[in-house]
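K.L.:
Quick one: structure below, then a few questions.
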Amino acid sequence: MKVIGLIGGMSWESSAEYYRMMNEEIKRRLGGLHSAKCILYSVDFQEIERYQSEGAWQKAGEVLSNAARSLEKGGADFIVICTNTMHKVIDAIQASVNIPLLHIADATADRIIENGLHSVGLLGTRYTMEQDFYKSRLESKGIQVIVPKETEREMVNKVIYEELCLGNIRQDSKDEYKKVIQGLIESGAQGIILGCTEIGLLIKPEDSSVPLFDTTNIHALEAVNLSLK
């Protein structure tokens with residue numbers, strides 16, 4: 001079993017989900033008392049969020065690169081960044097280590113293609129929804145990406161940072177998200193990407209009439225695949 005290196009803490013709420021999902025999947029596949037071999041480096045999200053809001057992506061990348069180097073020295077065989085947004089700086093992180101990084105958008109794209117879909121709605125932070133670092137990765141594989149309207153993007157982003165990252169799950173926010181999802185479906189989305197690792201805490205499969213692609217679950221299971229490969 002390969003050792004999974006996790007860069008977490010963005011937020012710790014979703015990082016805990018990664019840990020749970022990976023261990024449950026290892027136990028399901030191998031049985032007995034088996035669990036995942038992994039190392040977690042959990043950053044202080046307050047620092048990362050400040051760099052995000054200031055547009056200081058290079059500094060944020062340096063923090064995560066330091067985490068990646070620590071994981072490599074600790075014996076990790078590959079690295080998983082437990083967040084969608086910070087894949088914006090994945091190239092800088094990859095350049096800092098000699099072990100591979102498992103890209104969350106690639107794993108998600110593969111799952112969408114396996115389901116025979118070619119048009120998806122994308123929910124996430126405003127950085128993920130509005131910038132190209134994530135969408136272009138999907139589009140390069142022939143997947144059309146539809147994002148919510150500007151006011152909806154603001155609401156989706158606010159709920160992530162002010163509620164979900166704090167473990168605050170609200171029914172009124174779920175209802176607003178469901179409206180956005182329905183709007184994306186009406187705009188042609190055949191599936192919906194939960195493109196922030198916290199959204200799966202709020203939105204469940206029964207909340208959508210089309211398939212949901214929970215990036216936390218997809219990424220965690222792909223990490224298990226690579227660990228056992």
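Labeling convention for the structure tokens: chains A, B, ... as they appear, residues from 1 per chain, ligands from 1 in order of appearance.
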Fewer than 6 positions away in the same chain doesn't count, so skip those; otherwise give me all residues within 10 Å of A:Glu25, counting only C-alpha atoms, as number ranges by chain.
P.N.:
A: 31, 34-36, 220-221, 224-225
K.L.:
What's around A:Val159 at 12 Å? Count only C-alpha atoms, leave out sequence neighbours fewer than 2 positions away in its own chain, and write the answer as JSON, numbers by chain.
P.N.:
{"A": [123, 124, 125, 126, 152, 153, 154, 155, 156, 157, 161, 162, 163, 164, 165, 166, 167, 168, 169, 170, 171, 172, 173, 174, 175, 176, 177, 196, 198, 199, 201, 202]}
K.L.:
I need the chosen residues saved as a short mmCIF file (atom, residue, chain, number, x, y, z; two decimals), in the first residue's frame, with C-alpha atoms.
P.N.:
data_model
loop_
_atom_site.label_atom_id
_atom_site.label_comp_id
_atom_site.auth_asym_id
_atom_site.auth_seq_id
_atom_site.Cartn_x
_atom_site.Cartn_y
_atom_site.Cartn_z
CA LEU A 123 -20.40 25.00 -8.00
CA GLY A 124 -17.41 26.12 -5.94
CA THR A 125 -15.64 29.15 -4.57
CA ARG A 126 -15.74 32.21 -6.79
CA GLU A 152 -25.68 33.24 -7.50
CA ARG A 153 -21.90 32.84 -7.52
CA GLU A 154 -21.66 35.42 -4.75
CA MET A 155 -24.18 33.50 -2.64
CA VAL A 156 -22.51 30.13 -3.27
CA ASN A 157 -19.10 31.55 -2.33
CA TYR A 161 -16.59 30.62 3.56
CA GLU A 162 -19.06 31.89 6.15
CA GLU A 163 -20.95 28.68 6.88
CA LEU A 164 -19.62 25.39 5.51
CA CYS A 165 -15.96 25.99 6.38
CA LEU A 166 -17.16 26.60 9.94
CA GLY A 167 -19.25 23.43 10.02
CA ASN A 168 -22.50 25.42 9.93
CA ILE A 169 -25.11 23.53 7.87
CA ARG A 170 -28.26 25.61 7.24
CA GLN A 171 -31.51 24.54 5.59
CA ASP A 172 -32.06 27.95 4.00
CA SER A 173 -28.65 27.75 2.33
CA LYS A 174 -29.44 24.24 1.09
CA ASP A 175 -32.65 25.60 -0.44
CA GLU A 176 -30.75 28.40 -2.20
CA TYR A 177 -28.17 25.95 -3.54
CA CYS A 196 -15.62 22.75 -3.38
CA GLU A 198 -17.23 21.45 1.67
CA ILE A 199 -20.33 21.47 -0.57
CA LEU A 201 -21.60 18.55 3.59
CA LEU A 202 -24.67 20.51 2.45
#
K.L.:
May I ask which of the residues A:Leu6, A:Ile39, A:Ile218, A:Ile48 is the closest one to A:Ala109, counting only C-alpha atoms?
P.N.:
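Of A:Leu6, A:Ile39, A:Ile218, A:Ile48, the one nearest A:Ala109, counting only C-alpha atoms, is A:Ile218.
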K.L.:
Counting only C-alpha atoms, which of A:Lys59, A:His118, A:Arg69, A:Arg111 gets nearest to A:Ala189?
P.N.:
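Checking each candidate against A:Ala189, we get A:His118 as the closest.
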K.L.:
Based on the backbone DSSP call, show me all residues of stretch 5-228 of chain A assigned alpha helix (DSSP H), as a ChimeraX atom specification.
P.N.:
/A:12-30,45-54,57-73,90-95,104-114,126-130,132-139,150-162,171-186,215-228
K.L.:
With only C-alpha atoms as the atoms that count, which of A:Cys82, A:Arg50, A:Ala92, A:Asp110 lies nearest to A:Ala16?
P.N.:
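So, comparing all the options, the nearest one is A:Cys82.
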K.L.:
If we count only C-alpha atoms, what is near stretch 93-99 of chain A at a cut-off of 12 Å, once residues fewer than 6 positions away on the same chain are taken out, given as a PDB file with C-alpha atoms, in the first residue's frame?
P.N.:
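As written to disk, out.pdb reads:
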ATOM      1  CA  LYS A   2       1.428   3.379  -1.019  1.00  0.00           C
ATOM      2  CA  VAL A   3       1.471   6.184   1.564  1.00  0.00           C
ATOM      3  CA  ILE A   4      -0.968   9.019   0.770  1.00  0.00           C
ATOM      4  CA  GLY A   5       0.238  12.522   1.633  1.00  0.00           C
ATOM      5  CA  ILE A   7      -2.411  18.668   2.414  1.00  0.00           C
ATOM      6  CA  TRP A  57      -1.382  33.230  -4.792  1.00  0.00           C
ATOM      7  CA  GLN A  58       2.395  32.875  -4.909  1.00  0.00           C
ATOM      8  CA  LYS A  59       2.587  33.185  -1.114  1.00  0.00           C
ATOM      9  CA  ALA A  60      -0.221  30.661  -0.705  1.00  0.00           C
ATOM     10  CA  GLY A  61       1.643  28.358  -3.055  1.00  0.00           C
ATOM     11  CA  GLU A  62       4.789  28.682  -0.963  1.00  0.00           C
ATOM     12  CA  VAL A  63       2.911  27.626   2.170  1.00  0.00           C
ATOM     13  CA  LEU A  64       1.519  24.549   0.434  1.00  0.00           C
ATOM     14  CA  SER A  65       4.859  23.761  -1.192  1.00  0.00           C
ATOM     15  CA  ASN A  66       6.443  23.685   2.249  1.00  0.00           C
ATOM     16  CA  ALA A  67       3.701  21.299   3.342  1.00  0.00           C
ATOM     17  CA  ALA A  68       4.338  19.106   0.301  1.00  0.00           C
ATOM     18  CA  ARG A  69       8.072  18.936   1.020  1.00  0.00           C
ATOM     19  CA  SER A  70       7.323  17.914   4.601  1.00  0.00           C
ATOM     20  CA  LEU A  71       5.045  15.132   3.375  1.00  0.00           C
ATOM     21  CA  GLU A  72       7.684  13.900   0.937  1.00  0.00           C
ATOM     22  CA  LYS A  73      10.323  13.841   3.678  1.00  0.00           C
ATOM     23  CA  GLY A  74       7.848  12.020   5.911  1.00  0.00           C
ATOM     24  CA  GLY A  75       7.527   9.173   3.426  1.00  0.00           C
ATOM     25  CA  ALA A  76       4.496  10.038   1.284  1.00  0.00           C
ATOM     26  CA  ASP A  77       4.466   8.346  -2.139  1.00  0.00           C
ATOM     27  CA  PHE A  78       2.098  10.899  -3.686  1.00  0.00           C
ATOM     28  CA  ILE A  79       0.174  13.990  -2.622  1.00  0.00           C
ATOM     29  CA  VAL A  80      -3.503  14.935  -2.497  1.00  0.00           C
ATOM     30  CA  ILE A  81      -4.449  18.608  -2.005  1.00  0.00           C
ATOM     31  CA  MET A  86      -5.773  25.660  -4.253  1.00  0.00           C
ATOM     32  CA  HIS A  87      -5.216  23.546  -7.360  1.00  0.00           C
TER      33      HIS A  87
END
K.L.:
Between atom CA of A:Ser136 and atom CA of A:Ser209, what distance in Å does the model show, to one decimal?
P.N.:
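The value is 25.7 Å.
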K.L.:
Quick one: of A:Thr216, A:Gln190, A:Ser140, A:Gln131, who's nearest to A:Gly8, counting only C-alpha atoms?
P.N.:
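Of the candidates, the smallest distance to A:Gly8 is held by A:Thr216.
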K.L.:
Enter the distance from atom CA of A:Glu13 to atom CA of A:Ile113, in Å, rounded to one decimal.
P.N.:
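Atom CA of A:Ile113 lies 28.6 Å from atom CA of A:Glu13.
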